[in-house]
Amino acid sequence: SDDSAAGSSTEKKSVTLGFVNGATTEFHTCLQKAIESEASTEGAKVITANSKQDPAAELSNIEDMISRNVSALIVQTVNVDALKNDIAKAKSANIPIFMTSVITSDTTDILGAVVVDLKALGALDAGWIAKDAGSAEVEAGVIAGAPGAASDLMSAGFTGALPANVKVVANQPGMFNRAKAQDVAENMIQAHPDLKYAFVANEDMAFGAYQAFQAAGKDVKIVTANGTDAGLAAVKDGKFSATVANSATDIGQLAVKNTLTLLNEGQADKIANIKISLITKDNLSEAPKYCLA
Amino acid sequence: MTAPGTEVVRARGISKSFGGAVALRDVSLDLIPGEVHALMGMNGAGKSTLVRILSGAQNADDGVLEIGGTAAGPMTARKARKLGIATVPQRRELVMTLTVAENIMLGDLPTRTSLVRWNLIGKLARQALRDLGIDVDVNALAGDLTVAEQTMVEVAREVRRGGRVLILDEPTACLGAEAAAQIHALVRRLCESGVAVVFISHHISEVLALADRITVLRDGRVVWSGLAKETDETDLVRSMVGRDVVSTRPSRKSDKSVTGLKIESLADGRFIENLTVEVRKGEVVAVLGPAGDAQSRLFDLLSGRRRPERGHLEVAGKRIPFGKVARSLDSGLRCVTGDRRRLGLIPELTVDENLMLARDRLDRRRLHRRDRLARRAAPLRDDYRVVTLSPNPPVGLLSGGNQQKVLLAKWLGTEPVACLLEDPTNGVDIAAMADIHTLVDALATNGVAVLLASSDADEVMRLADRVVVVRDGRAIAEYDIDRITRDELVAVALGGAIS
Amino acid sequence: MTTTLTAPVATRRRVLPRGFAHGGLLLVLVAIVVFAGLRTDSFLSTNNLLNVLRQVSVVAVIAAGLTLLMTAGGMDFSMGGNVAVTTAVAAQMFAHGQSIWLTIVAAILLATVIGLVNGVVVTFTGVAPFVATLATATLLDGVALLVINGLSVSIDDQLSPLGIGKTFGLPHLLIVAIVVLAVIAFVMRYTTFGRDAFAIGGNEDVARLSGINVSRDKLLLYGLAGALSGLAGIMLLARLGASSPGTGGLQLQLTAVAAVVIGGTSLAGGKGTVLGTVLGVLLLGVVANVLNLLQINSYYQQISVGAVLLIAAIANLLQRRRH
Amino acid sequence: MTTTLTAPVATRRRVLPRGFAHGGLLLVLVAIVVFAGLRTDSFLSTNNLLNVLRQVSVVAVIAAGLTLLMTAGGMDFSMGGNVAVTTAVAAQMFAHGQSIWLTIVAAILLATVIGLVNGVVVTFTGVAPFVATLATATLLDGVALLVINGLSVSIDDQLSPLGIGKTFGLPHLLIVAIVVLAVIAFVMRYTTFGRDAFAIGGNEDVARLSGINVSRDKLLLYGLAGALSGLAGIMLLARLGASSPGTGGLQLQLTAVAAVVIGGTSLAGGKGTVLGTVLGVLLLGVVANVLNLLQINSYYQQISVGAVLLIAAIANLLQRRRH
Ligand SMILES: Nc1ncnc2c1ncn2[C@@H]1O[C@H](COP(=O)(O)OP(=O)(O)OP(=O)(O)O)[C@@H](O)[C@H]1O
Ligand SMILES: Nc1ncnc2c1ncn2[C@@H]1O[C@H](COP(=O)(O)OP(=O)(O)OP(=O)(O)O)[C@@H](O)[C@H]1O
Ligand SMILES: [Mg+2]
Ligand SMILES: [Mg+2]
């Protein structure tokens with residue numbers, strides 16, 4: 001059976017990576033695809049599990065991985081702090097943990113991480129608005145994700161980087177759900193008909209917001225994040241003014257690469273920052289691939 | 001205990017109305033230890049409402065209750081129980097998901113160091129049943145019992161709990177002769193020990209034989225109250241109904257050569273073993289046996305609710321498969337249950353809808369128009385004299401007897417070819433009983449084959465042309481009704497031998 | 001715990017004008033509307049009100065089917081999952097170049113079949129409806145993800161006439177919802193099939209013995225719930241222009257269930273009105289809208305929705321009890 | 001829709017040994033265990049089995065309380081929300097340097113109060129339990145977010161003796177769960193309070209007329225459900241070492257409800273066993289574990305969980321019916 005391979009992690013050939021994914025959104029799907037494809041390129045096996053945004057399920061998944069004796073664990077976490085327990089557990093079983101997207105405050109016990117600077121991501125979008133608005137007094141709205149660290153970091157980064165002449169008049173949660181985001185956008189434009197800009201925490205929601213603004217007959221400039229094919233097309237069509245590419249594929253591929261390198265005690269950044277870039281109509285070609293086919 | 005001769009309960013000026021409709025007005029009632037106090041009156045007269053007020057299940061709008069000489073204030077069920085008032089309500093109130101033993105001991109489970117003593121529960125429950133001469137498995141689920149058995153269990157429960165007042169609301173309405181006799185004996189015994197018993201029944205002879213004192217209600221008012229020995233059947237009927245009621249057996253002359261309903265070698269593996277009964281068109285045949293015997297199980301099999309192990313069923317010469325409600329109905333067979341709450345009516349639906357429930361489905365009506373429904377239902381309401389306080393209330397709010405009338409009307413208004421009537425006058429007043437008997441006569445005259453499964457000997461004598469006696473699930477004898485006397489009939493029903 | 005049909009209530013209700021049964025709910029709704037109207041100008045603008053109505057259209061269609069089904073004592077907890085699968089399949093069909101009508105018909109057919117499967121399980125195995133459909137809900141959520149492979153599938157503007165179109169100023173989505181609600185209300189009040197649902201919900205045994213084909217009716221009811229989920233799926237797809245992970249599913253289901261039960265339809269069956277459901281749907285929609293307009297902090301939003309639901313449920317009962 | 005207790009079933013069941021009522025469920029569970037044992041070595045390792053048991057401990061505690069409550073005809077859909085609030089409050093108290101015991105006591109007290117509030121609403125306003133607690137569930141999820149301000153609040157290893165400690169090889173979390181289950185099973189069978197719960201669930205009016213203090217019992221039952229949610233919250237906090245958005249909540253609630261109803265406890269009340277609930281909890285835990293071990297794609301995992309639930313529910317019923 002396939003477990004025998006996992007048993008002997010010392011041999012380089014039969015490295016088995018465990019990947020614990022955090023949810024089933026597009027980002028997570030693409031991340032997993034990238035990890036699976038990169039691993040197969042590198043000749044490693046991957047076994048995966050999904051925590052579906054439930055911290056308790058994440059812990060269970062990690063425990064299950066440990067009992068399968070994987071060589072290393074890559075975790076796209078639901079809950080950063082709960083990971084401390086997991087890390088302790090994995091450490092006592094001699095299984096190193098590698099993290100994606102976010103990290104614990106104390107990084108001594110982890111193997112490494114690939115992270116996205118979510119604050120900087122928000123700030124990039126804010127920067128575009130600052131430039132576009134010039135010195136005009138304008139209103140902006142934020143359609144955040146689900147209440148929680150990731151979403152809060154993004155909107156804090158965005159809000160914090162805005163110049164004084166851009167006023168955030170509304171900040172409402174879209175729950176990373178397109179339908180909800182569309183409702184919120186519809187309501188927001190009613191309350192603030194003079195809205196000029198909207199920061200939407202991901203492209204899926206941004207499409208919903210775009211529909212809402214269109215229907216209301218308002219020309220609100222949308223800035224968002226991800227850089228999916230559909231998102232880039234929307235930037236090209238002018239539906240979105242800008243998006244910040246934080247490629248799930250880049251994160252996944254780098255995570256596998258670094259995990260394997262660090263396992264073999266090779267040279268790699270322990271905490272690698274993924275490159276994020278502001279994509280507008282002018283630099284569409286610079287966008288990295290977001291998702292593997 | 002209160003000294004004999006002084007009232008243990010004095011109710012004065014009790015009034016109660018439901019949303020403007022008056023159910024009781026200015027009713028007074030005295031209960032005296034050692035006496036059986038019968039409440040009589042037509043369906044909807046307010047008997048149950050009065051006893052519900054006494055037992056704390058409902059609150060009066062007006063009036064005072066004095067119990068044991070002191071004013072009781074607002075009553076609750078718990079308080080009534082504490083004051084020693086035990087009640088068997090008209091509607092069977094058991095926890096159907098619990099066993100008989102637990103139901104009997106409910107609210108009073110024996111414990112030791114606060115742990116429930118299961119063995120003792122079984123023993124006490126068995127004892128309570130044995131004291132009343134009842135044979136029911138204490139480990140059976142209450143929901144699996146027949147209505148008669150449930151009644152007995154409930155009486156056993158209330159008697160076991162004891163108290164100085166016992167209220168029995170139509171305890172004998174669906175009981176066979178044997179069980180009723182047990183209840184009578186029990187009531188007498190309790191009276192001797194100083195309990196005040198309230199007894200409600202529509203059977204005048206039963207009341208006259210049992211009661212010391214009688215109060216008659218009509219339209220929520222006391223119209224007569226006095227000692228039982230000061231009155232007689234005719235007077236009682238007059239005060240209850242306001243007129244004389246006569247119900248005599250007509251001579252039904254119809255051609256009785258064609259078979260209308262034929263049950264052959266029926267067996268359900270539990271209660272019925274090889275039962276064969278044939279009913280000709282225009283004939284009323286009664287199935288009779290000790291309570292709990294085959295007759296109370298026929299409904300399930302004939303209606304298609306349950307499949308028997310073996311047997312044939314024919315309606316007007318056509319074979320009907322078992323277990324198929326639609327086929328059974330198409331053939332013109334109508335089965336009227338004795339358990340109207342569980343298998344007869346839908347309490348939330350209105351009277352009219354219940355009346356037309358089967359009829360409209362048989363007519364394959366697609367649309368439902370309230371005004372037309374009311375028009376279609378009106379003749380049935382009149383024929384069966386369904387009395388309601390408001391125009392068209394949910395049927396669950398009617399008095400028991402009126403519900404029974406709705407049930408009969410629902411089925412007999414659908415042009416039956418053959419029908420099974422299980423306790424058709426269960427809980428109806430004497431006037432309505434006479435009406436229903438006349439309606440059954442009319443059915444027979446019109447050539448319907450009627451199979452009667454009644455536990456009431458008088459009713460069997462009044463209606464049946466022929467009696468089939470069943471014992472242990474088999475038909476053991478058959479009599480034409482003019483060959484047998486009422487007393488012999490009762491003897492048979494009690495399981496005795498017959499000359 | 002078991003609630004008894006307390007008599008006085010029902011008797012009076014007949015006497016009062018219809019709709020009064022929902023007086024409490026109506027009161028809460030009106031209170032919120034007045035409050036919102038005073039606090040923010042934008043609330044009472046035609047545009048905003050139309051927005052709210054369009055937003056609740058999808059939930060309304062699901063809730064309508066659920067009302068009828070629950071009145072018959074049934075329950076379909078998988079309608080949200082069914083919506084997710086339908087949107088996913090329809091989106092993929094569009095992506096593979098199928099025509100609009102074929103796609104719509106196929107999606108609704110599929111949804112009907114899913115509903116029928118629920119119906120078969122509930123009717124012929126006797127598993128409690130809640131249990132059976134909770135299981136299928138889990139299953140369908142997985143299927144939906146599988147169909148779109150965890151990615152967003154866009155349909156461009158193929159359904160935009162439905163999604164954003166208007167006739168005489170009324171959004172098409174709203175019109176569809178109104179038609180569905182009206183039809184269900186009509187069925188419940190004026191057809192034997194609808195009355196059968198009440199009978200089955202009131203006492204299934206009696207219904208069967210009265211000649212109602214209970215099994216067939218149940219299958220039809222579950223099938224109908226499925227079909228309406230399918231329709232809701234198409235509407236949602238039209239509105240969003242894409243199917244993505246998390247579309248439909250449990251959240252949508254819970255909103256619909258909440259709307260229906262707040263509207264007074266009994267979980268035990270035998271009681272239910274479309275009018276109540278409409279009020280329930282509107283209440284939830286208006287509250288979400290008002291919270292957005294008033295710019296309430298997102299944590300307080302959930303709290304407010306919960307509190308309003310609770311108040312509405314209590315108000316509705318107290319009001320009924322007073323009579 | 002109402003299912004009738006047909007006579008032969010129930011009478012016969014008494015004759016069979018207890019526990020047999022869950023034969024179908026047991027069969028499915030055993031089948032899965034055997035299958036998993038054959039397909040992957042790691043499944044039957046002590047470590048993995050202990051993992052599974054520790055993983056289900058929190059759900060088991062909630063499910064135990066729910067079993068008793070549902071047997072009495074009640075429902076608490078807000079236990080998951082209660083867990084969320086409890087973990088949030090306890091985490092904040094730790095973060096503010098409160099002592100372990102004070103925190104635990106305060107958290108469980110708070111949870112009990114929340115349960116009692118549910119109880120008061122259900123008992124004294126007559127709102128259907130599902131409706132009332134669905135509303136509080138929404139409310140509590142919001143409160144939990146508010147308490148931790150949408151961020152993860154870590155408690156370091158303050159509760160790790162409970163969270164990862166073992167005695168005689170048994171995880172402490174498991175021991176707590178076993179004790180709770182045993183106590184509830186005992187209460188349900190051997191105390192008047194427990195038997196009264198069956199009576200209330202079977203027929204509340206009869207129970208009241210029999211002199212059972214129904215209102216008090218209901219309050220106690222909801223309070224108990226709350227207290228157990230609090231305990232579950234502490235256990236979850238111990239296990240996770242932090243409270244963060246998404247801890248507890250609706251997902252946990254649905255898992256517990258699924259476990260209880262799969263275990264044969266009736267949504268209508270009057271019937272329920274802790275044994276059934278234990279089997280339900282184990283089934284869900286084992287399936288999740290096995291799907292992970294067998295390396296099933298996550299979309300298929302959801303589908304499989306749904307399918308297994310459905311099969312178990314049907315098997316449980318068919319098996320019972322055969323007798
Ligand atoms: N809860 C209630 N709501 C509305 N009307 C009621 C209610 N209870 C009883 N009634 C009405 O009050 C009247 C008296 O009913 P009650 O049950 O006391 O009659 P009864 O004398 O016991 O009749 P029966 O002999 O048929 O049992 C009836 O017309 C009945 O419909
Ligand atoms: N489940 C039952 N099936 C058949 N008959 C029953 C049943 N329960 C009670 N009865 C009998 O039916 C008659 C009336 O019972 P039912 O419960 O319909 O009365 P009700 O008038 O609604 O109750 P109440 O008078 O307490 O309001 C009584 O004679 C009683 O013995
Ligand atoms: Mg009565
Ligand atoms: Mg009555």
# chains A, B, ... in the order shown; residues from 1 in each chain; ligands from 1

$ interface_residues --of "chain C" --to "chain D" --cutoff "6 Å" --atoms "only C-alpha atoms" --output "ChimeraX atom specification"
/C:1,73-74,132,135-136,138-139,142,146,204,299,302-303,306,309-310

$ write_last_selection --atoms "all heavy atoms" --output "compact mmCIF listing (two decimals), in the first residue's frame"
# COMPACT_ATOMS: atom_id res chain seq x y z
N MET C 1 -40.21 21.81 22.52
CA MET C 1 -40.98 20.71 23.02
C MET C 1 -42.39 20.82 22.45
O MET C 1 -42.75 21.86 21.90
CB MET C 1 -40.97 20.76 24.54
CG MET C 1 -39.61 21.27 25.03
SD MET C 1 -39.05 20.49 26.55
CE MET C 1 -37.36 21.04 26.58
N GLY C 73 -45.16 18.61 6.39
CA GLY C 73 -44.37 17.86 7.38
C GLY C 73 -43.02 17.43 6.87
O GLY C 73 -42.32 16.67 7.53
N GLY C 74 -42.65 17.88 5.67
CA GLY C 74 -41.35 17.49 5.12
C GLY C 74 -40.28 18.51 5.48
O GLY C 74 -40.53 19.48 6.20
N ALA C 132 -32.02 12.88 6.37
CA ALA C 132 -31.71 12.49 5.00
C ALA C 132 -31.18 13.69 4.21
O ALA C 132 -30.17 13.59 3.51
CB ALA C 132 -32.95 11.93 4.32
N ALA C 135 -27.74 14.96 5.09
CA ALA C 135 -26.72 14.13 4.44
C ALA C 135 -26.56 14.53 2.98
O ALA C 135 -25.44 14.74 2.50
CB ALA C 135 -27.10 12.65 4.55
N THR C 136 -27.67 14.66 2.24
CA THR C 136 -27.52 15.05 0.83
C THR C 136 -26.94 16.45 0.71
O THR C 136 -26.22 16.73 -0.25
CB THR C 136 -28.85 14.99 0.05
OG1 THR C 136 -29.92 15.36 0.89
CG2 THR C 136 -29.10 13.59 -0.48
N THR C 138 -24.59 17.83 2.52
CA THR C 138 -23.14 17.66 2.58
C THR C 138 -22.62 17.13 1.25
O THR C 138 -21.63 17.63 0.70
CB THR C 138 -22.79 16.65 3.69
OG1 THR C 138 -23.57 16.94 4.84
CG2 THR C 138 -21.33 16.70 4.03
N LEU C 139 -23.32 16.11 0.77
CA LEU C 139 -22.92 15.47 -0.47
C LEU C 139 -22.94 16.47 -1.64
O LEU C 139 -21.98 16.57 -2.41
CB LEU C 139 -23.90 14.33 -0.72
CG LEU C 139 -23.56 13.19 -1.64
CD1 LEU C 139 -24.33 11.95 -1.22
CD2 LEU C 139 -23.87 13.52 -3.06
N GLY C 142 -20.18 19.02 -1.90
CA GLY C 142 -18.98 18.42 -2.48
C GLY C 142 -19.09 18.31 -3.99
O GLY C 142 -18.16 18.62 -4.73
N LEU C 146 -16.78 19.90 -7.05
CA LEU C 146 -16.19 19.00 -8.03
C LEU C 146 -16.50 19.48 -9.44
O LEU C 146 -15.65 19.49 -10.32
CB LEU C 146 -16.75 17.60 -7.79
CG LEU C 146 -16.07 16.45 -8.48
CD1 LEU C 146 -14.66 16.30 -7.96
CD2 LEU C 146 -16.85 15.17 -8.26
N GLU C 204 -50.35 12.20 8.85
CA GLU C 204 -50.06 11.45 7.63
C GLU C 204 -50.92 10.20 7.49
O GLU C 204 -51.38 9.86 6.41
CB GLU C 204 -48.58 11.09 7.61
CG GLU C 204 -48.13 10.54 6.29
CD GLU C 204 -46.63 10.33 6.23
OE1 GLU C 204 -45.90 11.07 6.89
OE2 GLU C 204 -46.22 9.41 5.51
N TYR C 299 -18.90 42.85 12.96
CA TYR C 299 -19.21 41.93 14.07
C TYR C 299 -20.62 42.16 14.57
O TYR C 299 -21.35 41.24 14.91
CB TYR C 299 -18.25 42.10 15.24
CG TYR C 299 -16.80 42.04 14.82
CD1 TYR C 299 -15.86 42.87 15.39
CD2 TYR C 299 -16.40 41.15 13.83
CE1 TYR C 299 -14.53 42.82 15.00
CE2 TYR C 299 -15.08 41.09 13.43
CZ TYR C 299 -14.15 41.93 14.02
OH TYR C 299 -12.87 41.88 13.63
N GLN C 302 -23.82 40.46 12.51
CA GLN C 302 -24.37 39.14 12.84
C GLN C 302 -25.21 39.21 14.11
O GLN C 302 -26.27 38.61 14.22
CB GLN C 302 -23.23 38.15 13.04
CG GLN C 302 -23.02 37.29 11.82
CD GLN C 302 -21.98 36.25 12.09
OE1 GLN C 302 -20.85 36.57 12.42
NE2 GLN C 302 -22.36 34.98 11.97
N ILE C 303 -24.67 39.94 15.09
CA ILE C 303 -25.39 40.06 16.34
C ILE C 303 -26.77 40.67 16.10
O ILE C 303 -27.78 40.18 16.60
CB ILE C 303 -24.59 40.93 17.33
CG1 ILE C 303 -23.24 40.26 17.63
CG2 ILE C 303 -25.37 41.16 18.62
CD1 ILE C 303 -22.36 41.04 18.56
N GLY C 306 -29.18 38.21 14.44
CA GLY C 306 -29.67 37.25 15.43
C GLY C 306 -30.71 37.88 16.35
O GLY C 306 -31.78 37.30 16.61
N LEU C 309 -34.03 38.48 14.60
CA LEU C 309 -34.75 37.21 14.42
C LEU C 309 -35.45 36.82 15.71
O LEU C 309 -36.62 36.43 15.72
CB LEU C 309 -33.78 36.09 14.04
CG LEU C 309 -33.44 35.94 12.57
CD1 LEU C 309 -32.46 34.80 12.37
CD2 LEU C 309 -34.71 35.66 11.78
N LEU C 310 -34.72 36.93 16.79
CA LEU C 310 -35.26 36.52 18.09
C LEU C 310 -36.45 37.40 18.46
O LEU C 310 -37.52 36.91 18.85
CB LEU C 310 -34.16 36.65 19.14
CG LEU C 310 -34.34 35.84 20.42
CD1 LEU C 310 -34.49 34.37 20.09
CD2 LEU C 310 -33.13 36.03 21.32

$ residues_near_ligand --ligand "ligand 3" --cutoff "6 Å" --atoms "only C-alpha atoms and all ligand atoms" --output "list in words"
Lys47, Ser48, Gln90, Ser399 and Gly400 of chain B

$ interface_residues --of "chain D" --to "chain B" --cutoff "6 Å" --atoms "only C-alpha atoms" --output "list in words"
Ala7, Thr11, Tyr190, Thr191, Gly202, Asn203, Val206, Leu209, Ser210, Gly211, Ile212 and Gly270 of chain D

$ residues_near_ligand --ligand "ligand 1" --cutoff "7 Å" --atoms "only C-alpha atoms and all ligand atoms" --output "list in words"
Phe18, Ala23, Gly41, Met42, Asn43, Gly44, Ala45, Gly46, Lys47, Ser48, Thr49, Leu50, Val387, Thr388, Leu389, Leu397, Leu398, Ser399, Gly400, Gly401, Asn402, Gly427, Val428 and Asp429 of chain B; Thr6, Ala7, Pro8 and Thr11 of chain C

$ residues_around --residues "Asn292 of chain D" --least-positions-apart "6" --cutoff "9 Å" --atoms "only C-alpha atoms" --output "list in words"
Ile47, Thr48, Ala49, Asn50, Asn61, Asp64 and Met65 of chain A; Ser298 and Gln301 of chain D

$ write_last_selection --atoms "all heavy atoms" --output "short mmCIF file (atom, residue, chain, number, x, y, z; two decimals), in the first residue's frame"
data_model
loop_
_atom_site.label_atom_id
_atom_site.label_comp_id
_atom_site.auth_asym_id
_atom_site.auth_seq_id
_atom_site.Cartn_x
_atom_site.Cartn_y
_atom_site.Cartn_z
N ILE A 47 0.34 14.17 -0.05
CA ILE A 47 -1.00 13.80 0.40
C ILE A 47 -1.65 15.06 0.96
O ILE A 47 -0.97 15.88 1.59
CB ILE A 47 -0.99 12.64 1.41
CG1 ILE A 47 -0.12 12.99 2.60
CG2 ILE A 47 -0.47 11.38 0.76
CD1 ILE A 47 -0.06 11.87 3.60
N THR A 48 -2.94 15.21 0.69
CA THR A 48 -3.59 16.48 1.03
C THR A 48 -4.80 16.28 1.93
O THR A 48 -5.36 15.19 2.02
CB THR A 48 -4.08 17.20 -0.24
OG1 THR A 48 -5.02 16.36 -0.87
CG2 THR A 48 -2.95 17.52 -1.16
N ALA A 49 -5.14 17.33 2.62
CA ALA A 49 -6.35 17.34 3.43
C ALA A 49 -6.85 18.77 3.44
O ALA A 49 -6.09 19.70 3.16
CB ALA A 49 -6.06 16.87 4.84
N ASN A 50 -8.12 18.93 3.73
CA ASN A 50 -8.69 20.27 3.73
C ASN A 50 -9.42 20.55 5.04
O ASN A 50 -10.22 19.75 5.51
CB ASN A 50 -9.67 20.42 2.56
CG ASN A 50 -9.91 21.87 2.22
OD1 ASN A 50 -10.22 22.67 3.11
ND2 ASN A 50 -9.76 22.22 0.96
N ASN A 61 -6.51 17.27 10.97
CA ASN A 61 -5.82 16.93 9.73
C ASN A 61 -4.32 16.77 9.97
O ASN A 61 -3.70 15.85 9.45
CB ASN A 61 -6.05 18.02 8.68
CG ASN A 61 -7.44 17.92 8.08
OD1 ASN A 61 -8.02 16.83 8.05
ND2 ASN A 61 -7.97 19.03 7.62
N ASP A 64 -3.68 13.57 11.72
CA ASP A 64 -3.77 12.45 10.78
C ASP A 64 -2.51 12.34 9.93
O ASP A 64 -2.00 11.25 9.68
CB ASP A 64 -5.00 12.60 9.88
CG ASP A 64 -6.30 12.40 10.65
OD1 ASP A 64 -6.22 11.93 11.80
OD2 ASP A 64 -7.37 12.72 10.11
N MET A 65 -1.99 13.48 9.51
CA MET A 65 -0.76 13.49 8.71
C MET A 65 0.41 12.93 9.52
O MET A 65 1.23 12.19 9.01
CB MET A 65 -0.42 14.92 8.28
CG MET A 65 -1.38 15.52 7.29
SD MET A 65 -1.14 14.81 5.67
CE MET A 65 -2.33 15.76 4.72
N SER D 298 -10.38 16.32 -1.54
CA SER D 298 -11.26 16.92 -0.54
C SER D 298 -12.69 17.08 -1.04
O SER D 298 -13.63 17.06 -0.27
CB SER D 298 -10.70 18.26 -0.08
OG SER D 298 -10.77 19.18 -1.13
N GLN D 301 -14.25 13.99 -0.40
CA GLN D 301 -14.44 13.75 1.04
C GLN D 301 -15.83 14.17 1.46
O GLN D 301 -16.54 13.42 2.12
CB GLN D 301 -13.40 14.54 1.84
CG GLN D 301 -12.01 13.97 1.69
CD GLN D 301 -11.13 14.31 2.86
OE1 GLN D 301 -11.59 14.87 3.85
NE2 GLN D 301 -9.87 13.97 2.76
#

$ closest_residue --among "B:Met240, B:Ala475, B:Val450, B:Met75" --to "Val279 of chain B" --atoms "only C-alpha atoms"
B:Val450

$ atom_distance --atom1 "atom CA of Val89 of chain D" --atom2 "atom CA of Ala107 of chain D"
6.8 Å

$ interface_residues --of "chain A" --to "chain D" --cutoff "10 Å" --atoms "only C-alpha atoms" --output "PyMOL selection string"
chain A and resi 1-4+21+23-24+46-61+63-69+78-86+89+146-152

$ residues_around --residues "segment 289-291 of chain A" --least-positions-apart "4" --cutoff "9 Å" --atoms "only C-alpha atoms" --output "compact mmCIF listing (two decimals) with N, CA and C atoms, in the first residue's frame"
# COMPACT_ATOMS: atom_id res chain seq x y z
N GLU A 26 -11.15 29.64 -4.54
CA GLU A 26 -10.32 29.55 -5.73
C GLU A 26 -8.84 29.62 -5.37
N PHE A 27 -8.48 30.52 -4.46
CA PHE A 27 -7.08 30.63 -4.05
C PHE A 27 -6.56 29.29 -3.56
N THR A 29 -7.74 26.31 -4.09
CA THR A 29 -7.71 25.31 -5.15
C THR A 29 -6.41 25.46 -5.97
N CYS A 30 -6.10 26.70 -6.32
CA CYS A 30 -4.94 26.94 -7.15
C CYS A 30 -3.63 26.63 -6.41
N LEU A 31 -3.65 26.97 -5.14
CA LEU A 31 -2.48 26.69 -4.31
C LEU A 31 -2.20 25.18 -4.31
N LYS A 33 -3.17 22.94 -6.49
CA LYS A 33 -2.74 22.49 -7.82
C LYS A 33 -1.24 22.73 -7.99
N ALA A 34 -0.82 23.91 -7.59
CA ALA A 34 0.59 24.26 -7.74
C ALA A 34 1.48 23.33 -6.93
N ASN A 226 -5.44 39.32 -6.48
CA ASN A 226 -5.37 37.92 -6.93
C ASN A 226 -4.58 37.79 -8.21
N GLY A 227 -5.15 38.33 -9.32
CA GLY A 227 -4.49 38.15 -10.60
C GLY A 227 -4.86 36.85 -11.28
N THR A 228 -6.10 36.44 -11.12
CA THR A 228 -6.57 35.26 -11.86
C THR A 228 -6.73 35.64 -13.32
N ASP A 229 -6.87 34.64 -14.18
CA ASP A 229 -7.05 34.91 -15.61
C ASP A 229 -8.25 35.82 -15.82
N ALA A 245 -1.31 41.15 -8.08
CA ALA A 245 -1.07 39.73 -8.32
C ALA A 245 -0.35 39.14 -7.12
N ASN A 246 -1.02 38.21 -6.46
CA ASN A 246 -0.33 37.42 -5.43
C ASN A 246 -0.54 35.98 -5.83
N SER A 247 0.25 35.51 -6.75
CA SER A 247 -0.01 34.26 -7.42
C SER A 247 -0.02 33.06 -6.48
N ALA A 248 -1.14 32.36 -6.47
CA ALA A 248 -1.23 31.14 -5.68
C ALA A 248 -0.24 30.12 -6.21
N THR A 249 -0.03 30.15 -7.51
CA THR A 249 0.91 29.21 -8.12
C THR A 249 2.33 29.47 -7.62
N ASP A 250 2.70 30.73 -7.62
CA ASP A 250 4.03 31.07 -7.11
C ASP A 250 4.21 30.59 -5.68

$ select_by_dssp --residues "segment 138-287 of chain A" --states "alpha helix (DSSP H)" --output "PyMOL selection string"
chain A and resi 149-161+178-191+203-215+229-237+248-263

$ residues_around --residues "Ile104 of chain C" --least-positions-apart "4" --cutoff "8 Å" --atoms "only C-alpha atoms" --output "list in words"
Ala90, Ile100, Ile108 and Ile234 of chain C

$ atom_distance --atom1 "atom CA of Asp268 of chain B" --atom2 "atom CA of Ala464 of chain B"
25.5 Å

$ residues_around --residues "Leu153 of chain A" --least-positions-apart "5" --cutoff "10 Å" --atoms "only C-alpha atoms" --output "MDAnalysis selection string"
chainID A and resid 117:122 144 148 158:159

$ select_by_dssp --residues "segment 93-182 of chain C" --states "strand (DSSP E)" --output "ChimeraX atom specification"
/C:153-154,166-167,170-171

$ residues_around --residues "segment 478-482 of chain B" --least-positions-apart "5" --cutoff "12 Å" --atoms "only C-alpha atoms" --output "JSON, numbers by chain"
{"B": [249, 251, 276, 277, 278, 283, 284, 285, 286, 287, 288, 289, 457, 458, 459, 460, 461, 462, 463, 464, 465, 466, 467, 468, 469, 470, 471, 488, 489, 492, 498, 499]}
